[in-house]
Amino acid sequence: MTIEEQLRNSVLEAINELYNAHLDEKIIQVQLTRKDQKGDYTVVVFPLLKVSKKKPEETGEDLGRYLKEKLAFIESYEVIKGFLNLSLSHSFWLERLNGIIADENYGFEVAGADSPLMMIEYSSPNTNKPLHLGHIRNNLLGYSLSRIASVTGNKVVKTNIVNDRGIHICKSMLAWQKWGQGVTPASSGEKGDHLVGRFYVMFDKHYKAELAALEGKGLSKEEAEKQSLLMAEAREMLLKWEAGDKDVVDLWRTMNQWVYDGFDITYKNLGIDFDKIYYESETYSVGRDKVLEGLEKGIFYKKADGSVWADLTDNGLDEKLLLRGDGTSVYMTQDIGTAKLRFDNYNIEKMVYVVGNEQDYHFKVLSILLDKLGFEWGKDLVHFSYGMVELPEGKMKSREGTVVDADDLMEEMIDTAREMSKELGKLEGYSDEDAEEVFRMVALGALKYFMLKVDPKKNMTFNPKESIDFNGNTGPFIQYTHARIKSIFRKASDKGIAWSGSAPLSVSLNTKENNLVRSVSNFPNVVQEAGAAFSPALIANYVYELAKEYNQFYHDSPILFEEDEQVRNMRMTLCYAVSETIKKGMWLLGADVPERM
RNA sequence: GGUCCCGUAGUUCAAUGGAUAGAAUACUGGAUUCCGGUUCCAGCGAUAUGGGUUCGACUCCCGUCGGGAUCACCA
């Protein structure tokens with residue numbers, strides 16, 4: 001039972017005994033006491049006034065007296081306005097501290113055999129262009145969420161749907177055929193996804209030129225689009241692909257493989273992975289079958305040109321295209337098939353889609369369509385909708401070439417980390433490989449922390465320079481704090497200063513020490529909240545706060561220089577607990593912490 | 001135009017309906033015999049706007065203004 005739960009139960013008891021009343025547990029508010037007040041936990045008295053029928057101060061006083069008497073760990077209390085602030089005894093906190101460091105999984109609720117299964121989809125790239133900054137936020141959110149879910153009592157399957165077919169893929173294939181002159185990643189040394197992306201852009205350029213030429217002849221934009229030969233060729237290619245035309249399929253396989261090889265490198269560098277990958281090319285036909293089935297059952301309808309639609313006007317939405325006039329599938333079609341396959345493959349309790357908020361409408365529709373098709377889980381899908389990433393210079397626009405490539409960004413961040421670390425010169429004795437590993441940790445830690453500290457729902461501005469600053473609310477600042485603690489322990493063994501491995505219960509704590517123990521002790525609550533709210537940002541903000549608190553403690557408390565052995569052991573225990581908590585918190589963000597940096 | 005999301009210090013971000021709206025950065029001033037000064041302390045400075053609900057509103061409701069997304073035989 002957590003401290004809050006104990007307090008909440010005791011408050012309920014108190015209300016029962018003092019006022020002969022019963023209240024719903026939910027309205028009892030127990031929270032950590034604000035830093036500027038004396039105390040550890042605060043009970044908000046206002047909601048109790050209706051049963052106490054007394055003034056807030058008197059009610060708080062009643063409650064404080066009762067709790068202090070009943071709970072041995074309450075040392076003192078103070079009532080300020082409508083708030084009852086409880087101070088817990090130092091020996092209680094110290095005992096707790098020892099319990100925390102003895103438990104490797106403190107704060108983590110590991111899944112058992114009966115735990116619910118959560119499937120989390122993220123990344124979901126198209127195989128026509130390389131990953132960019134927006135994908136990075138997606139991947140980091142998905143990966144962090146999966147870690148958080150895995151330590152809040154869920155079995156987790158990380159999944160990815162690769163959008164490897166469709167008209168957009170045909171565009172890059174066509175461009176390569178026409179203008180590629182047989183170039184390959186091997187022949188050019190270009191990373192596969194970048195090479196294919198280049199041809200996608202090339203198609204677009206030629207297509208635009210063709211449209212301009214047609215419009216120059218007096219055609220309207222719509223007419224020009226209809227008459228475009230390039231687009232006609234792309235559409236024809238898609239038809240051939242769906243018909244299984246050997247040449248087209250061979251080319252598709254070859255070019256997709258180039259892209260996969262490229263993606264693998266990017267994922268590896270980003271430090272993320274998947275348990276199960278679905279390919280749209282393998283799921284779209286399942287979706288098409290379901291759509292045709294729905295058509296037979298009269299759930300959907302066909303227009304004169306043969307296209308299949310869902311009428312969602314009863315749901316307050318529009319009509320939605322499910323199959324084109326020529327019978328080929330669209331995005332929605334495959335998502336129906338993918339969902340069906342997943343629920344066939346796994347005993348999914350909760351399906352989470354990490355997809356940007358520009359697709360809010362799409363998922364609303366998907367959910368309704370699945371429901372209409374008779375899947376009882378359709379309406380329970382969770383669209384984890386996150387905001388766009390912008391740069392200090394403004395929005396990324398592919399047309400204007402201001403898209404930040406994921407590989408380039410990571411490389412630049414690593415370069416910066418390398419320069420900064422070399423200036424510090426704390427890596428003497430490290431091999432080049434080990435040092436490079438540290439540069440990577442710092443660069444990626446900076447990127448991940450910066451992206452994840454922001455509420456996922458909101459749009460954000462990513463500032464690469466600011467993110468890797470070793471000062472401020474950044475990943476490197478947190479990593480630095482961890483490295484410094486590790487340095488203390490190295491120094492201790494150099495100097496032959498032993499650590500007893502736990503804190504003596506008899507020492508007293510100063511305010512900063514007390515706050516630190518309380519913060520470390522609160523870690524499990526933060527993890528649970530982050531799991532419930534699907535919010536890595538809560539973890540990030542917590543870890544930062546902890547690091548900052550630690551630095552305040554560190555600044556004015558001698559640790560190894562402390563002469564009182566008992567106090568020294570307590571402080572070293574505290575240091576250890578903080579370093580472990582920072583490490584775990586950063587792990588939940590998918591970030592590593594170095595021993596030195 | 002319909003629907004949805006968002007407006008908090010100069011800037012980037014916080015705040016389960018709870019106390020005097022917190023940080024970071026920038027700027028100004030200060031600390032330090034030291035275990036990693038990439039530290040610590042102080043100052044400066046904000047809830048777009050008008051109503052409503054509440055003991056209590058950045059938070060919930062309605063209006064106005066501003067920004068974004070979406071409403072594709074793109075994904």
# chains A, B, ... in the order shown; residues from 1 in each chain; ligands from 1
>>> interface_residues(of="chain B", to="chain A", cutoff="9 Å", atoms="only C-alpha atoms (C1' of nucleotides)", output="ChimeraX atom specification")
/B:3-6,12-14,18-19,23-25,34-36,38-40,55,68-71,73-75
>>> residues_around(residues="Val507 (chain A)", least_positions_apart="2", cutoff="9 Å", atoms="only C-alpha atoms (C1' of nucleotides)", output="list in words")
His90, Ser91, Leu94, Ala503, Pro504, Leu505, Leu509, Gln566, Val567 and Met570 of chain A
>>> closest_residue(among="B:G10, B:G17, B:G1, B:G67", to="U53 (chain B)", atoms="only C-alpha atoms (C1' of nucleotides)")
B:G17
>>> select_by_dssp(residues="region 132-189 of chain A", states="strand (DSSP E or B)", output="ChimeraX atom specification")
/A:132,152,155-163
>>> atom_distance(atom1="CA of Ala234 (chain A)", atom2="CA of Lys208 (chain A)")
14.2 Å
>>> atom_distance(atom1="CA of Leu452 (chain A)", atom2="CA of Lys422 (chain A)")
26.9 Å
>>> residues_around(residues="G50 (chain B)", least_positions_apart="6", cutoff="12 Å", atoms="only C-alpha atoms (C1' of nucleotides)", output="VMD selection string")
chain B and resid 62 to 65
>>> atom_distance(atom1="CA of Phe92 (chain A)", atom2="CA of Val43 (chain A)")
18.9 Å
>>> closest_residue(among="A:Ser281, A:Thr266, A:Leu370, A:Tyr122", to="Ala310 (chain A)", atoms="only C-alpha atoms")
A:Leu370
>>> select_by_dssp(residues="region 114-207 of chain A", states="helix (DSSP H, G or I)", output="number ranges by chain")
A: 133-150, 167-179, 185-188, 192-207
>>> decode(residues="region 52-70 of chain B", atoms="N, CA, C and O atoms (P, O5', C5', C4', C3', O3' and C1' of nucleotides)", output="PDB file, in the first residue's frame")
ATOM      1  P     G B  52     -20.677  37.107 -14.553  1.00  0.00           P
ATOM      2  O5'   G B  52     -21.104  35.577 -14.661  1.00  0.00           O
ATOM      3  C5'   G B  52     -22.376  35.250 -15.204  1.00  0.00           C
ATOM      4  C4'   G B  52     -22.457  33.765 -15.487  1.00  0.00           C
ATOM      5  C3'   G B  52     -22.162  32.848 -14.306  1.00  0.00           C
ATOM      6  O3'   G B  52     -23.257  32.738 -13.420  1.00  0.00           O
ATOM      7  C1'   G B  52     -21.064  32.055 -16.243  1.00  0.00           C
ATOM      8  P     U B  53     -23.016  32.402 -11.884  1.00  0.00           P
ATOM      9  O5'   U B  53     -22.560  30.879 -11.933  1.00  0.00           O
ATOM     10  C5'   U B  53     -23.471  29.861 -12.333  1.00  0.00           C
ATOM     11  C4'   U B  53     -22.812  28.506 -12.252  1.00  0.00           C
ATOM     12  C3'   U B  53     -22.144  28.195 -10.915  1.00  0.00           C
ATOM     13  O3'   U B  53     -23.074  27.738  -9.953  1.00  0.00           O
ATOM     14  C1'   U B  53     -20.672  27.648 -12.677  1.00  0.00           C
ATOM     15  P     U B  54     -22.994  28.286  -8.444  1.00  0.00           P
ATOM     16  O5'   U B  54     -21.611  27.721  -7.921  1.00  0.00           O
ATOM     17  C5'   U B  54     -21.414  26.325  -7.782  1.00  0.00           C
ATOM     18  C4'   U B  54     -20.015  26.047  -7.313  1.00  0.00           C
ATOM     19  C3'   U B  54     -19.571  26.860  -6.097  1.00  0.00           C
ATOM     20  O3'   U B  54     -20.025  26.277  -4.889  1.00  0.00           O
ATOM     21  C1'   U B  54     -17.881  26.912  -7.756  1.00  0.00           C
ATOM     22  P     C B  55     -20.506  27.204  -3.697  1.00  0.00           P
ATOM     23  O5'   C B  55     -19.169  27.861  -3.148  1.00  0.00           O
ATOM     24  C5'   C B  55     -19.245  28.926  -2.210  1.00  0.00           C
ATOM     25  C4'   C B  55     -17.871  29.202  -1.661  1.00  0.00           C
ATOM     26  C3'   C B  55     -16.769  29.334  -2.701  1.00  0.00           C
ATOM     27  O3'   C B  55     -16.722  30.644  -3.227  1.00  0.00           O
ATOM     28  C1'   C B  55     -16.043  27.880  -0.990  1.00  0.00           C
ATOM     29  P     G B  56     -16.582  30.821  -4.793  1.00  0.00           P
ATOM     30  O5'   G B  56     -15.120  30.273  -5.077  1.00  0.00           O
ATOM     31  C5'   G B  56     -13.995  31.019  -4.599  1.00  0.00           C
ATOM     32  C4'   G B  56     -12.736  30.231  -4.796  1.00  0.00           C
ATOM     33  C3'   G B  56     -12.438  29.812  -6.235  1.00  0.00           C
ATOM     34  O3'   G B  56     -11.827  30.861  -6.952  1.00  0.00           O
ATOM     35  C1'   G B  56     -12.092  27.978  -4.778  1.00  0.00           C
ATOM     36  P     A B  57     -12.147  30.972  -8.541  1.00  0.00           P
ATOM     37  O5'   A B  57     -11.528  29.650  -9.182  1.00  0.00           O
ATOM     38  C5'   A B  57     -10.121  29.395  -9.129  1.00  0.00           C
ATOM     39  C4'   A B  57      -9.603  29.047 -10.503  1.00  0.00           C
ATOM     40  C3'   A B  57      -9.724  30.177 -11.523  1.00  0.00           C
ATOM     41  O3'   A B  57      -8.685  30.054 -12.483  1.00  0.00           O
ATOM     42  C1'   A B  57     -11.011  28.358 -12.237  1.00  0.00           C
ATOM     43  P     C B  58      -7.361  30.857 -12.380  1.00  0.00           P
ATOM     44  O5'   C B  58      -6.538  30.443 -13.682  1.00  0.00           O
ATOM     45  C5'   C B  58      -6.788  31.083 -14.910  1.00  0.00           C
ATOM     46  C4'   C B  58      -6.358  30.220 -16.052  1.00  0.00           C
ATOM     47  C3'   C B  58      -7.246  28.999 -16.314  1.00  0.00           C
ATOM     48  O3'   C B  58      -8.361  29.341 -17.103  1.00  0.00           O
ATOM     49  C1'   C B  58      -4.954  28.382 -16.367  1.00  0.00           C
ATOM     50  P     U B  59      -9.794  28.655 -16.855  1.00  0.00           P
ATOM     51  O5'   U B  59      -9.477  27.087 -16.884  1.00  0.00           O
ATOM     52  C5'   U B  59      -9.030  26.470 -18.099  1.00  0.00           C
ATOM     53  C4'   U B  59      -8.671  25.032 -17.835  1.00  0.00           C
ATOM     54  C3'   U B  59      -9.847  24.154 -17.428  1.00  0.00           C
ATOM     55  O3'   U B  59      -9.750  22.890 -18.063  1.00  0.00           O
ATOM     56  C1'   U B  59      -8.162  24.097 -15.747  1.00  0.00           C
ATOM     57  P     C B  60     -10.647  22.613 -19.348  1.00  0.00           P
ATOM     58  O5'   C B  60     -12.112  22.588 -18.742  1.00  0.00           O
ATOM     59  C5'   C B  60     -12.654  21.384 -18.234  1.00  0.00           C
ATOM     60  C4'   C B  60     -14.092  21.605 -17.833  1.00  0.00           C
ATOM     61  C3'   C B  60     -14.899  22.509 -18.773  1.00  0.00           C
ATOM     62  O3'   C B  60     -15.393  21.798 -19.886  1.00  0.00           O
ATOM     63  C1'   C B  60     -15.248  23.186 -16.547  1.00  0.00           C
ATOM     64  P     C B  61     -15.634  22.545 -21.262  1.00  0.00           P
ATOM     65  O5'   C B  61     -16.959  23.380 -20.973  1.00  0.00           O
ATOM     66  C5'   C B  61     -18.206  22.727 -20.768  1.00  0.00           C
ATOM     67  C4'   C B  61     -19.300  23.750 -20.657  1.00  0.00           C
ATOM     68  C3'   C B  61     -19.301  24.801 -21.762  1.00  0.00           C
ATOM     69  O3'   C B  61     -19.955  24.346 -22.929  1.00  0.00           O
ATOM     70  C1'   C B  61     -19.489  25.871 -19.671  1.00  0.00           C
ATOM     71  P     C B  62     -19.502  24.914 -24.353  1.00  0.00           P
ATOM     72  O5'   C B  62     -20.122  26.384 -24.345  1.00  0.00           O
ATOM     73  C5'   C B  62     -21.520  26.579 -24.492  1.00  0.00           C
ATOM     74  C4'   C B  62     -21.828  28.053 -24.471  1.00  0.00           C
ATOM     75  C3'   C B  62     -21.064  28.896 -25.481  1.00  0.00           C
ATOM     76  O3'   C B  62     -21.607  28.846 -26.785  1.00  0.00           O
ATOM     77  C1'   C B  62     -21.000  29.959 -23.379  1.00  0.00           C
ATOM     78  P     G B  63     -20.637  29.092 -28.043  1.00  0.00           P
ATOM     79  O5'   G B  63     -20.369  30.662 -27.940  1.00  0.00           O
ATOM     80  C5'   G B  63     -21.416  31.585 -28.259  1.00  0.00           C
ATOM     81  C4'   G B  63     -20.963  32.990 -27.980  1.00  0.00           C
ATOM     82  C3'   G B  63     -19.788  33.494 -28.799  1.00  0.00           C
ATOM     83  O3'   G B  63     -20.138  33.857 -30.118  1.00  0.00           O
ATOM     84  C1'   G B  63     -19.514  34.144 -26.547  1.00  0.00           C
ATOM     85  P     U B  64     -19.061  33.759 -31.298  1.00  0.00           P
ATOM     86  O5'   U B  64     -18.036  34.913 -30.933  1.00  0.00           O
ATOM     87  C5'   U B  64     -18.447  36.281 -31.012  1.00  0.00           C
ATOM     88  C4'   U B  64     -17.301  37.184 -30.606  1.00  0.00           C
ATOM     89  C3'   U B  64     -16.004  36.984 -31.382  1.00  0.00           C
ATOM     90  O3'   U B  64     -16.016  37.641 -32.636  1.00  0.00           O
ATOM     91  C1'   U B  64     -15.519  37.092 -29.073  1.00  0.00           C
ATOM     92  P     C B  65     -15.183  37.000 -33.851  1.00  0.00           P
ATOM     93  O5'   C B  65     -13.675  37.321 -33.446  1.00  0.00           O
ATOM     94  C5'   C B  65     -13.221  38.672 -33.352  1.00  0.00           C
ATOM     95  C4'   C B  65     -11.829  38.710 -32.777  1.00  0.00           C
ATOM     96  C3'   C B  65     -10.799  37.841 -33.489  1.00  0.00           C
ATOM     97  O3'   C B  65     -10.286  38.443 -34.665  1.00  0.00           O
ATOM     98  C1'   C B  65     -10.603  37.509 -31.172  1.00  0.00           C
ATOM     99  P     G B  66      -9.740  37.492 -35.837  1.00  0.00           P
ATOM    100  O5'   G B  66      -8.450  36.821 -35.204  1.00  0.00           O
ATOM    101  C5'   G B  66      -7.230  37.548 -35.125  1.00  0.00           C
ATOM    102  C4'   G B  66      -6.171  36.711 -34.455  1.00  0.00           C
ATOM    103  C3'   G B  66      -5.791  35.427 -35.174  1.00  0.00           C
ATOM    104  O3'   G B  66      -4.925  35.628 -36.269  1.00  0.00           O
ATOM    105  C1'   G B  66      -6.085  34.974 -32.876  1.00  0.00           C
ATOM    106  P     G B  67      -4.967  34.592 -37.494  1.00  0.00           P
ATOM    107  O5'   G B  67      -4.244  33.302 -36.911  1.00  0.00           O
ATOM    108  C5'   G B  67      -2.843  33.317 -36.681  1.00  0.00           C
ATOM    109  C4'   G B  67      -2.400  32.024 -36.045  1.00  0.00           C
ATOM    110  C3'   G B  67      -2.652  30.759 -36.848  1.00  0.00           C
ATOM    111  O3'   G B  67      -1.713  30.558 -37.882  1.00  0.00           O
ATOM    112  C1'   G B  67      -3.282  30.402 -34.606  1.00  0.00           C
ATOM    113  P     G B  68      -2.201  29.769 -39.209  1.00  0.00           P
ATOM    114  O5'   G B  68      -2.325  28.258 -38.705  1.00  0.00           O
ATOM    115  C5'   G B  68      -1.162  27.540 -38.315  1.00  0.00           C
ATOM    116  C4'   G B  68      -1.540  26.227 -37.702  1.00  0.00           C
ATOM    117  C3'   G B  68      -2.295  25.256 -38.594  1.00  0.00           C
ATOM    118  O3'   G B  68      -1.456  24.593 -39.512  1.00  0.00           O
ATOM    119  C1'   G B  68      -3.282  25.279 -36.451  1.00  0.00           C
ATOM    120  P     A B  69      -2.085  23.970 -40.862  1.00  0.00           P
ATOM    121  O5'   A B  69      -2.893  22.715 -40.310  1.00  0.00           O
ATOM    122  C5'   A B  69      -2.189  21.586 -39.785  1.00  0.00           C
ATOM    123  C4'   A B  69      -3.184  20.579 -39.275  1.00  0.00           C
ATOM    124  C3'   A B  69      -4.156  20.043 -40.315  1.00  0.00           C
ATOM    125  O3'   A B  69      -3.585  19.005 -41.082  1.00  0.00           O
ATOM    126  C1'   A B  69      -5.342  20.650 -38.363  1.00  0.00           C
ATOM    127  P     U B  70      -4.011  18.793 -42.583  1.00  0.00           P
ATOM    128  O5'   U B  70      -5.493  18.229 -42.423  1.00  0.00           O
ATOM    129  C5'   U B  70      -5.742  16.965 -41.820  1.00  0.00           C
ATOM    130  C4'   U B  70      -7.217  16.808 -41.585  1.00  0.00           C
ATOM    131  C3'   U B  70      -8.086  16.917 -42.842  1.00  0.00           C
ATOM    132  O3'   U B  70      -8.158  15.661 -43.503  1.00  0.00           O
ATOM    133  C1'   U B  70      -9.001  18.264 -41.124  1.00  0.00           C
TER     134        U B  70
END
